[in-house]
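Coordinates as given in upload_31.txt (compact mmCIF, C-alpha atoms):
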# COMPACT_ATOMS: atom_id res chain seq x y z
CA MET A 102 24.50 58.20 11.62
CA ASN A 103 25.79 58.26 8.07
CA VAL A 104 29.52 58.15 7.70
CA LYS A 105 29.66 58.12 3.93
CA PRO A 106 28.40 61.42 2.47
CA ILE A 107 25.14 61.06 0.57
CA ASN A 108 24.27 63.77 -1.95
CA TYR A 109 21.18 65.59 -0.77
CA PHE A 110 20.69 67.10 -4.23
CA GLU A 111 20.65 63.75 -6.05
CA ALA A 112 18.67 61.78 -3.45
CA SER A 113 14.99 61.00 -3.86
CA ALA A 114 12.47 62.37 -1.35
CA ARG A 115 12.27 58.93 0.31
CA THR A 116 16.04 58.56 0.57
CA ARG A 117 16.31 62.02 2.10
CA ILE A 118 13.93 61.09 4.92
CA ALA A 119 15.52 57.66 5.43
CA CYS A 120 19.03 59.13 5.79
CA LEU A 121 18.00 62.22 7.73
CA VAL A 122 16.07 60.73 10.64
CA ASP A 123 17.07 58.16 13.28
CA PRO A 124 17.15 54.63 11.78
CA GLU A 125 13.79 52.86 11.66
CA SER A 126 12.03 55.77 13.36
CA PHE A 127 9.94 56.91 10.39
CA THR A 128 6.23 56.09 10.21
CA GLU A 129 4.55 57.30 7.05
CA PHE A 130 1.03 58.77 7.11
CA CYS A 131 -1.08 58.15 3.98
CA PRO A 132 1.52 55.67 2.58
CA PRO A 133 1.63 54.91 -1.17
CA GLU A 134 -0.45 51.72 -0.92
CA LEU A 135 -3.44 53.84 0.12
CA ARG A 136 -3.20 55.48 -3.32
CA HIS A 137 -4.12 59.04 -2.42
CA ILE A 138 -3.54 60.15 -5.99
CA SER A 139 -4.46 63.43 -7.65
CA PRO A 140 -7.97 63.33 -9.17
CA HIS A 141 -7.03 66.29 -11.39
CA LEU A 142 -4.09 64.51 -13.04
CA VAL A 143 -6.31 61.47 -13.67
CA ARG A 144 -8.88 63.69 -15.41
CA LEU A 145 -6.12 65.24 -17.52
CA ASN A 146 -4.79 61.80 -18.47
CA ALA A 147 -1.43 62.65 -16.92
CA PRO A 148 0.79 60.25 -14.95
CA VAL A 149 0.03 60.09 -11.22
CA ALA A 150 2.16 59.12 -8.22
CA PHE A 151 0.86 56.98 -5.34
CA ASP A 152 1.96 59.59 -2.80
CA ASP A 153 1.16 62.60 -5.04
CA GLY A 154 4.79 63.66 -4.86
CA VAL A 155 5.12 64.14 -1.12
CA MET A 156 5.57 61.85 1.85
CA VAL A 157 4.57 62.86 5.34
CA GLY A 158 5.05 61.15 8.67
CA ARG A 159 6.41 60.99 12.16
CA ALA A 160 10.03 60.30 13.09
CA ARG A 161 12.80 60.99 15.55
CA LEU A 162 15.90 63.00 14.80
CA ALA A 163 18.73 62.83 17.34
CA GLY A 164 16.07 61.48 19.68
CA HIS A 165 13.72 64.45 19.25
CA PRO A 166 10.19 63.66 18.06
CA VAL A 167 9.46 65.46 14.79
CA LEU A 168 6.81 65.50 12.09
CA ILE A 169 8.41 65.48 8.66
CA ALA A 170 7.42 66.00 5.03
CA SER A 171 9.55 65.49 1.93
CA GLN A 172 8.64 66.71 -1.56
CA GLU A 173 9.72 64.73 -4.61
CA GLY A 174 11.18 67.33 -6.99
CA LYS A 175 11.34 64.85 -9.85
CA PHE A 176 7.56 64.34 -9.91
CA ASN A 177 6.06 67.37 -11.68
CA GLY A 178 8.81 69.58 -10.26
CA GLY A 179 7.61 68.97 -6.70
CA ALA A 180 4.63 71.16 -7.52
CA VAL A 181 1.83 71.45 -4.98
CA GLY A 182 -1.55 70.08 -6.03
CA GLU A 183 -4.69 69.56 -4.00
CA VAL A 184 -3.78 66.21 -2.42
CA HIS A 185 -0.10 67.09 -2.05
CA GLY A 186 -1.05 70.35 -0.31
CA ALA A 187 -3.64 68.64 1.89
CA LYS A 188 -1.01 66.17 3.12
CA LEU A 189 1.32 69.03 4.09
CA ARG A 190 -1.43 71.02 5.73
CA GLY A 191 -2.71 67.92 7.56
CA LEU A 192 0.79 67.30 8.91
CA LEU A 193 0.92 70.83 10.34
CA ASP A 194 -2.54 70.37 11.88
CA LYS A 195 -1.33 67.13 13.45
CA ALA A 196 1.54 69.04 15.02
CA LEU A 197 -0.99 70.94 17.14
CA ILE A 198 -2.15 67.63 18.62
CA GLU A 199 1.14 65.72 18.86
CA ARG A 200 3.35 68.72 19.75
CA PRO A 201 6.63 67.51 18.23
CA VAL A 202 9.84 69.48 18.87
CA ALA A 203 9.53 70.78 15.30
CA VAL A 204 7.90 70.16 11.93
CA LEU A 205 10.50 69.60 9.20
CA LEU A 206 9.60 70.46 5.61
CA LEU A 207 12.05 69.06 3.05
CA VAL A 208 11.12 71.51 0.32
CA ASP A 209 11.90 70.72 -3.33
CA SER A 210 9.28 72.50 -5.38
CA GLY A 211 8.65 74.94 -8.19
CA GLY A 212 5.41 76.10 -6.51
CA VAL A 213 1.80 75.48 -7.47
CA ARG A 214 1.00 72.59 -9.81
CA LEU A 215 -0.40 74.36 -12.87
CA HIS A 216 -2.58 71.36 -13.80
CA GLU A 217 -4.55 71.94 -10.62
CA ALA A 218 -4.70 75.74 -10.80
CA ASN A 219 -7.01 77.07 -8.09
CA ALA A 220 -6.90 73.90 -5.99
CA GLY A 221 -3.11 74.25 -5.84
CA LEU A 222 -3.27 77.95 -4.99
CA ILE A 223 -5.77 77.30 -2.21
CA ALA A 224 -3.53 74.51 -0.90
CA ILE A 225 -0.59 76.95 -0.69
CA SER A 226 -2.64 79.55 1.17
CA GLU A 227 -3.88 76.88 3.60
CA LEU A 228 -0.30 75.80 4.10
CA MET A 229 0.82 79.35 4.88
CA ARG A 230 -1.93 79.77 7.47
CA ALA A 231 -1.16 76.35 8.95
CA ILE A 232 2.51 77.29 9.42
CA LEU A 233 1.58 80.50 11.23
CA ARG A 234 -0.90 78.59 13.39
CA THR A 235 1.71 75.94 14.26
CA GLN A 236 4.23 78.62 15.16
CA SER A 237 1.77 80.55 17.28
CA ALA A 238 1.12 77.30 19.18
CA GLY A 239 4.83 77.41 20.04
CA ILE A 240 6.02 74.74 17.59
CA PRO A 241 8.83 75.75 15.22
CA VAL A 242 8.74 74.78 11.53
CA PHE A 243 12.03 74.14 9.70
CA ALA A 244 12.53 74.29 5.94
CA LEU A 245 15.34 72.16 4.49
CA ILE A 246 16.25 73.22 0.95
CA GLY A 247 18.80 71.49 -1.24
CA GLY A 248 16.98 69.83 -4.13
CA SER A 249 17.09 70.59 -7.84
CA CYS A 250 13.82 72.54 -7.82
CA GLY A 251 14.76 74.70 -4.83
CA ALA A 252 11.86 76.54 -3.20
CA PHE A 253 10.00 78.71 -5.68
CA GLY A 254 6.57 80.25 -6.11
CA GLY A 255 4.24 79.50 -3.21
CA MET A 256 6.81 77.18 -1.65
CA GLY A 257 9.31 80.06 -1.67
CA ILE A 258 6.86 82.04 0.46
CA VAL A 259 6.15 79.01 2.66
CA SER A 260 9.88 78.51 3.22
CA ARG A 261 10.40 82.10 4.28
CA LEU A 262 7.60 81.74 6.84
CA CYS A 263 9.54 78.95 8.50
CA THR A 264 11.29 79.45 11.83
CA GLU A 265 14.59 78.03 10.58
CA VAL A 266 15.76 77.64 6.99
CA ILE A 267 18.61 75.19 6.38
CA ILE A 268 19.93 75.43 2.84
CA SER A 269 22.80 73.97 0.83
CA GLU A 270 24.80 75.89 -1.74
CA GLN A 271 22.82 74.06 -4.45
CA GLY A 272 19.53 75.06 -2.83
CA ARG A 273 17.63 78.09 -4.10
CA ILE A 274 14.83 80.29 -2.80
CA GLY A 275 12.81 82.64 -4.97
CA LEU A 276 9.37 83.67 -6.06
CA SER A 277 9.27 83.68 -9.87
CA GLY A 278 11.89 81.34 -11.29
CA PRO A 279 14.63 82.65 -13.61
CA GLU A 280 13.00 81.16 -16.75
CA VAL A 281 9.68 82.80 -15.87
CA ILE A 282 11.30 86.21 -15.36
CA GLU A 283 13.22 85.90 -18.62
CA THR A 284 10.04 84.94 -20.51
CA VAL A 285 8.05 87.84 -19.10
CA LYS A 286 10.65 90.61 -18.89
CA GLY A 287 13.24 89.59 -21.46
CA VAL A 288 16.80 88.29 -21.38
CA ASP A 289 18.20 91.73 -20.44
CA GLU A 290 16.28 91.52 -17.18
CA PHE A 291 17.42 88.02 -16.25
CA ASP A 292 19.47 85.61 -18.35
CA SER A 293 18.26 82.26 -17.03
CA ARG A 294 21.02 80.39 -18.89
CA ASP A 295 23.69 82.25 -16.91
CA ARG A 296 23.69 79.68 -14.11
CA ALA A 297 26.32 81.52 -12.05
CA LEU A 298 24.08 84.61 -12.10
CA VAL A 299 21.01 82.53 -11.21
CA TRP A 300 22.85 81.15 -8.16
CA ARG A 301 24.21 84.60 -7.19
CA ILE A 302 20.61 85.80 -7.04
CA THR A 303 18.66 82.81 -5.71
CA GLY A 304 21.31 80.34 -4.44
CA GLY A 305 22.07 79.11 -0.95
CA LYS A 306 25.09 81.34 -0.30
CA VAL A 307 23.37 84.59 -1.18
CA ARG A 308 20.26 83.58 0.79
CA ARG A 309 22.44 82.86 3.81
CA ALA A 310 24.29 86.19 3.41
CA LEU A 311 20.95 88.03 3.25
CA GLY A 312 19.67 86.21 6.33
CA ASP A 313 16.86 84.49 4.41
CA ALA A 314 18.41 81.18 5.44
CA THR A 315 19.57 80.55 9.00
CA ARG A 316 22.13 77.82 8.17
CA LEU A 317 24.25 77.00 5.12
CA VAL A 318 25.38 73.37 4.90
CA GLY A 319 27.21 71.18 2.39
CA ASP A 320 25.36 69.00 -0.12
CA ASP A 321 25.34 65.98 2.18
CA ILE A 322 22.35 64.52 4.00
CA GLY A 323 24.61 64.02 7.03
CA ALA A 324 25.34 67.77 7.09
CA PHE A 325 21.60 68.55 6.90
CA ARG A 326 21.05 66.10 9.74
CA ALA A 327 23.75 67.66 11.92
CA ALA A 328 22.41 71.19 11.39
CA THR A 329 18.81 70.06 12.02
CA ALA A 330 19.84 68.19 15.18
CA GLU A 331 21.64 71.28 16.47
CA LEU A 332 18.59 73.49 15.85
CA LEU A 333 16.26 70.90 17.41
CA ASP A 334 18.47 70.92 20.53
CA LYS A 335 18.21 74.72 20.53
CA HIS A 336 14.40 74.72 20.28
CA ALA A 337 13.62 71.67 22.47
CA GLY A 338 12.14 72.51 25.81
CA ARG A 339 11.75 76.19 25.10
CA PRO A 340 8.56 76.81 23.17
CA LEU A 341 8.72 79.34 20.41
CA ASN A 342 7.54 82.79 21.43
CA SER A 343 4.82 83.67 18.99
CA SER A 344 5.58 86.95 17.27
CA ASP A 345 3.96 89.93 18.90
CA LEU A 346 3.23 93.23 17.21
CA ASP A 347 6.63 94.69 18.14
CA ASP A 348 8.47 91.76 16.51
CA LEU A 349 6.40 92.13 13.35
CA THR A 350 6.96 95.87 13.21
CA ALA A 351 10.70 95.35 13.63
CA ALA A 352 10.74 92.67 10.90
CA HIS A 353 8.84 94.94 8.54
CA SER A 354 11.15 97.86 9.17
CA ASN A 355 14.18 95.62 8.55
CA LEU A 356 12.65 94.55 5.24
CA SER A 357 12.07 98.20 4.26
CA ILE A 358 15.69 99.03 5.09
CA ARG A 359 16.82 96.04 3.05
CA ALA A 360 14.64 97.00 0.08
CA GLN A 361 16.11 100.53 0.11
CA ARG A 362 19.66 99.36 0.65
CA TYR A 363 19.59 96.99 -2.31
CA ASP A 364 17.21 99.03 -4.45
CA THR A 365 19.61 99.27 -7.38
CA ALA A 366 21.40 95.96 -6.78
CA ARG A 367 21.54 93.90 -9.97
CA ASP A 368 23.73 91.08 -8.72
CA GLY A 369 24.37 89.04 -5.58
CA ARG A 370 27.98 90.32 -5.51
CA ILE A 371 26.76 93.51 -3.82
CA ILE A 372 25.15 91.45 -1.08
CA PHE A 373 28.36 89.50 -0.52
CA GLN A 374 30.27 92.80 -0.41
CA GLU A 375 27.89 94.26 2.19
CA ALA A 376 28.15 91.03 4.18
CA GLY A 377 31.89 91.66 4.52
CA PHE A 378 33.40 89.41 1.87
CA THR A 379 36.45 90.97 0.27
CA GLU A 380 37.30 88.62 -2.57
CA LEU A 381 33.98 88.72 -4.39
CA GLU A 382 35.04 86.58 -7.34
CA SER A 383 35.99 83.69 -5.08
CA VAL A 384 32.82 83.60 -2.94
CA ALA A 385 31.22 81.07 -5.28
CA LEU A 386 34.19 78.74 -4.85
CA LEU A 387 34.53 79.07 -1.07
CA PRO A 388 33.94 75.83 0.79
CA VAL A 389 30.85 76.00 3.00
CA ASP A 390 32.83 76.02 6.27
CA ASP A 391 35.04 78.92 5.13
CA PHE A 392 32.00 80.80 3.88
CA ASN A 393 30.22 80.38 7.23
CA ARG A 394 33.34 81.39 9.16
CA GLN A 395 33.79 84.57 7.11
CA LEU A 396 30.10 85.44 7.27
CA GLU A 397 29.58 84.80 10.94
CA GLY A 398 32.90 86.44 11.81
CA SER A 399 31.90 89.61 9.93
CA PRO A 400 30.36 92.58 11.76
CA MET B 120 -2.94 56.99 -20.94
CA GLU B 121 -3.09 53.27 -21.43
CA GLN B 122 -4.04 50.96 -18.58
CA PHE B 123 -4.05 47.21 -18.48
CA VAL B 124 -3.67 44.30 -16.08
CA MET B 125 -1.63 41.14 -16.67
CA ASN B 126 -1.99 38.05 -14.52
CA PHE B 127 0.78 35.45 -14.41
CA THR B 128 0.53 32.02 -12.87
CA VAL B 129 3.65 31.15 -10.92
CA THR B 130 4.75 28.21 -8.81
CA ASN B 131 6.96 29.97 -6.23
CA ARG B 132 5.13 31.54 -3.40
CA LEU B 133 6.39 33.74 -0.61
CA ALA B 134 6.62 32.24 2.87
CA THR B 135 5.85 35.60 4.44
CA THR B 136 3.61 38.55 3.63
CA PRO B 137 5.95 41.54 3.61
CA SER B 138 4.61 45.08 3.93
CA PRO B 139 4.03 47.12 0.78
CA ARG B 140 7.07 48.71 -0.89
CA VAL B 141 7.47 51.44 -3.44
CA CYS B 142 10.50 51.98 -5.67
CA GLY B 143 11.33 54.66 -8.21
CA VAL B 144 9.84 58.04 -9.00
CA VAL B 145 7.27 59.12 -11.59
CA SER B 146 9.52 61.39 -13.66
CA SER B 147 10.38 61.48 -17.33
CA GLY B 148 11.98 58.20 -18.44
CA ASN B 149 11.40 56.66 -15.03
CA LEU B 150 8.60 54.82 -13.25
CA GLU B 151 7.21 53.99 -9.85
CA VAL B 152 6.64 50.37 -8.81
CA LEU B 153 4.43 49.43 -5.86
CA VAL B 154 4.61 45.84 -4.61
CA GLU B 155 1.94 44.49 -2.27
CA SER B 156 0.97 41.11 -0.81
CA GLY B 157 -2.54 39.75 -0.95
CA GLU B 158 -3.08 38.05 -4.32
CA PRO B 159 -3.78 34.29 -4.52
CA GLU B 160 -0.53 32.46 -3.83
CA ASP B 161 -0.05 31.23 -7.39
CA THR B 162 -0.70 34.62 -8.97
CA CYS B 163 1.46 37.60 -9.80
CA ARG B 164 -0.78 40.43 -10.91
CA ILE B 165 0.74 43.45 -12.63
CA ASP B 166 -1.25 46.66 -13.26
CA VAL B 167 0.32 49.06 -15.72
CA HIS B 168 -0.53 52.75 -16.13
CA THR B 169 1.50 54.33 -18.91
CA PRO B 170 1.21 57.55 -20.89
CA ALA B 171 2.93 55.94 -23.91
CA GLU B 172 0.15 54.34 -25.95
CA GLY B 173 0.62 51.43 -28.33
CA PHE B 174 3.50 49.62 -26.61
CA ARG B 175 1.49 46.80 -25.09
CA ASP B 176 3.41 44.03 -26.86
CA ILE B 177 6.68 45.35 -25.50
CA TRP B 178 5.20 45.65 -22.01
CA SER B 179 4.01 42.05 -22.07
CA ALA B 180 7.43 40.81 -23.23
CA VAL B 181 9.23 42.81 -20.50
CA LEU B 182 6.78 41.68 -17.80
CA ARG B 183 6.92 38.03 -18.91
CA ASP B 184 10.74 38.13 -18.74
CA PHE B 185 10.48 39.62 -15.26
CA VAL B 186 8.12 36.92 -14.00
CA GLU B 187 10.42 34.22 -15.43
CA ARG B 188 13.38 35.82 -13.64
CA GLN B 189 11.53 36.45 -10.40
CA PRO B 190 8.60 34.04 -10.16
CA VAL B 191 6.93 35.33 -7.01
CA GLY B 192 3.30 34.44 -6.26
CA GLY B 193 0.83 36.19 -4.02
CA VAL B 194 1.89 39.67 -5.06
CA ARG B 195 0.29 42.57 -6.82
CA ILE B 196 2.58 44.98 -8.63
CA THR B 197 1.29 48.37 -9.75
CA ILE B 198 3.30 50.51 -12.13
CA ASN B 199 2.96 54.26 -12.67
CA ASP B 200 5.06 54.80 -15.75
CA ALA B 201 6.34 58.07 -17.17
CA GLY B 202 7.87 56.85 -20.41
CA ALA B 203 10.57 54.50 -19.08
CA THR B 204 12.51 52.34 -21.55
CA PRO B 205 12.22 48.52 -21.29
CA ALA B 206 15.66 48.26 -19.63
CA VAL B 207 14.69 50.77 -16.95
CA VAL B 208 11.40 48.95 -16.35
CA SER B 209 13.22 45.61 -15.89
CA LEU B 210 15.79 47.04 -13.49
CA ARG B 211 13.15 48.88 -11.46
CA LEU B 212 10.98 45.74 -11.18
CA ASP B 213 13.98 43.69 -9.97
CA GLN B 214 14.88 46.41 -7.48
CA ALA B 215 11.30 46.63 -6.20
CA ILE B 216 10.87 42.89 -5.72
CA ASP B 217 14.26 42.60 -3.96
CA PHE B 218 13.31 45.46 -1.68
CA PHE B 219 9.91 43.86 -1.00
CA ARG B 220 11.41 40.46 -0.17
CA SER B 221 14.18 41.86 2.01
CA GLU B 222 11.57 43.34 4.39
CA LYS B 223 14.17 45.93 5.38
CA PRO B 224 12.64 49.07 6.82

What is this file in structure tokens?
Amino acid sequence: MNVKPINYFEASARTRIACLVDPESFTEFCPPELRHISPHLVRLNAPVAFDDGVMVGRARLAGHPVLIASQEGKFNGGAVGEVHGAKLRGLLDKALIERPVAVLLLVDSGGVRLHEANAGLIAISELMRAILRTQSAGIPVFALIGGSCGAFGGMGIVSRLCTEVIISEQGRIGLSGPEVIETVKGVDEFDSRDRALVWRITGGKVRRALGDATRLVGDDIGAFRAATAELLDKHAGRPLNSSDLDDLTAAHSNLSIRAQRYDTARDGRIIFQEAGFTELESVALLPVDDFNRQLEGSP
Amino acid sequence: MEQFVMNFTVTNRLATTPSPRVCGVVSSGNLEVLVESGEPEDTCRIDVHTPAEGFRDIWSAVLRDFVERQPVGGVRITINDAGATPAVVSLRLDQAIDFFRSEKP
């Protein structure tokens, strides 16, 4: 257990795994010395990484066996290329054989790696299918989001497919990133330099208030570990019920209600208001524990 | 991209053959260093992959300094650079070799 807080946001993908799981329990699959590098980046004369920006492996967390992947947001924005995507998809396929308590995805990604175009897009779609397959085999998939790239593009979709989403205030989930929206639709639509606005629309607190994330934690690997351990305890020994048609219909109708309810919403403040927060200006400054208490105590 | 290999002859050799270690991240101004056992015991081989072309003299000075500081034989070091400055390269190499020798998990 880590006593001293370690910034999740600042940590590298390797440090995140090392501090998250039980000491010395991590075994890496396809480790860097095997040099599974991206053939596309080589052809483009671009720098490559030995692990193609993601490490995958087996570990224990609070004693529970898990399969775990961690994306390196600092390498090409954690973007998913062919090899990177294949490692993630392979990990989910392995879950069907090994049947861990859960698969943990430490997401830190802007989405598809543009250098690899179609190969990256295919990788994302394979990943989405693999998550659904893993879940229908009764194995939950957790997304942990708290890196500088958040979870955008295809990885935003992947994260929302996950059974549990643990996010920090610094974490973000979205589809098109703020800069992309501003470029396409203009600054009146979304001012990407207004960081407070960006976080009120994509950030951890608003995602938790909307129910897109199931846990909000502080920016500390120990806090991520504690929340993950608690959810692993919850899921251990009781296999996930795969969604039946009724569940899907209910989820779809909830999404329709949400889309109507927030149809004209231009700012996350409205979501905080609907979630029962009274002092809207201070929500951004609320410590995580107070935020959770107010949110979970609200009707 | 520029790629080259430098071989240094060193007298110190490692008593053990630690498992491979990687340090650093391939991101702007940074680099990734992989250290592996398996070279002849008097050799330190360093493979460099860098996007910054035309800095080979500086690379060889930085790498020579490193080998003088940390004369370890029987290792192969591979560098994926993303435009790191000489100081960053030196620090990262020292970190990687310490990590490699410590054999800590």

Near chain B, meaning an atom within 10 Å, which residues of chain A appear when counting all atoms listed in the file? Write them as JSON, numbers by chain. {"A": [113, 114, 115, 119, 124, 125, 126, 127, 132, 133, 134, 143, 145, 146, 147, 148, 149, 150, 151, 152, 153, 154, 173, 174, 175, 176, 177, 178]}

Contacts of B:Val129 at 10 Å (only C-alpha atoms; same-chain gap of 5+ positions) as JSON, numbers by chain: {"B": [160, 161, 162, 163, 186, 187, 189, 190, 191, 192, 193]}

Point-to-point distance from atom CA of A:Phe325 to atom CA of A:Glu270, Å rounded to tenths: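 For atom CA of A:Phe325 relative to atom CA of A:Glu270, the distance reads 11.8 Å.
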
Atom CA of A:Arg359 and atom CA of A:Ile372 are how many Å apart? 10.4 Å

Nearest to B:Glu158: which of B:Ile216, B:Ile177, B:Leu133, B:Glu222 is it, counting all atoms listed in the file?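 Comparing B:Ile216, B:Ile177, B:Leu133, B:Glu222 against B:Glu158, the winner is B:Leu133.
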
When you draw a straight line from atom CA of A:Asp295 to atom CA of A:Gly179, how long is it in Å? 23.2 Å

Would you pick out the contacts of A:Gln395 at 10 Å or less, using only C-alpha atoms, so that residues sharing its chain but fewer than 3 positions from it are not included, and give the list as an NGL selection string? :A and (376-379 or 387 or 389-392 or 398-400)

Go through A:Thr365, A:Cys131, A:Ile138, A:His185 and flag the residue nearest A:Arg159, using only C-alpha atoms for the distances. A:Cys131

Do a neighbour search on A:Leu189 at 7 Å with all atoms listed in the file, toss out local chain neighbours closer than 4 positions, and write the hits as a list in words. Ala170, His185, Leu193 and Leu228 of chain A

Under the rule that all atoms listed in the file are counted, which of A:Ala351, A:Leu341, A:Met256, A:Val155 is the nearest residue to A:Ser237?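 Smallest separation from A:Ser237 among the options: A:Leu341.
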
Looking at only C-alpha atoms, which of A:Ala310, A:Ile282, A:Ala366, A:Ala112 is the one that sits closest to A:Val384? A:Ala310

Nearest to B:Leu210, restricted to only C-alpha atoms and choosing among B:Leu182, B:Ala134, B:Ala171, B:Ile165, comes out as B:Leu182

Determine, counting all atoms listed in the file, which protein, DNA and RNA residues have an atom within 6 Å of an atom of stretch 316-319 of chain A; residues of the same chain fewer than 6 positions away are not included. Present the result as a CSV table (one decimal) with C-alpha atoms, in the frame of the given file.
chain,number,residue,atom,x,y,z
A,267,ILE,CA,18.6,75.2,6.4
A,268,ILE,CA,19.9,75.4,2.8
A,269,SER,CA,22.8,74.0,0.8

Nearest to A:Arg161 among A:Glu129, A:Asp368, A:Asp334, A:Asp123, with distances taken over all atoms listed in the file: which residue is it?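 The shortest atom-to-atom distance to A:Arg161 comes from A:Asp123.
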
Let me have the centre and edge lengths in Å, one decimal, of the box along x, y and z around every listed atom of stretch 138-146 of chain A with 5 Å of margin on each side, as JSON.
{"center_x": -6.2, "center_y": 63.2, "center_z": -12.2, "size_x": 15.3, "size_y": 16.1, "size_z": 22.5}

What's around stretch 287-293 of chain A at 12 Å? Count all atoms listed in the file, leave out sequence neighbours fewer than 6 positions away in its own chain, and write the answer as a PyMOL selection string. chain A and resi 277-281+299-303+367-368
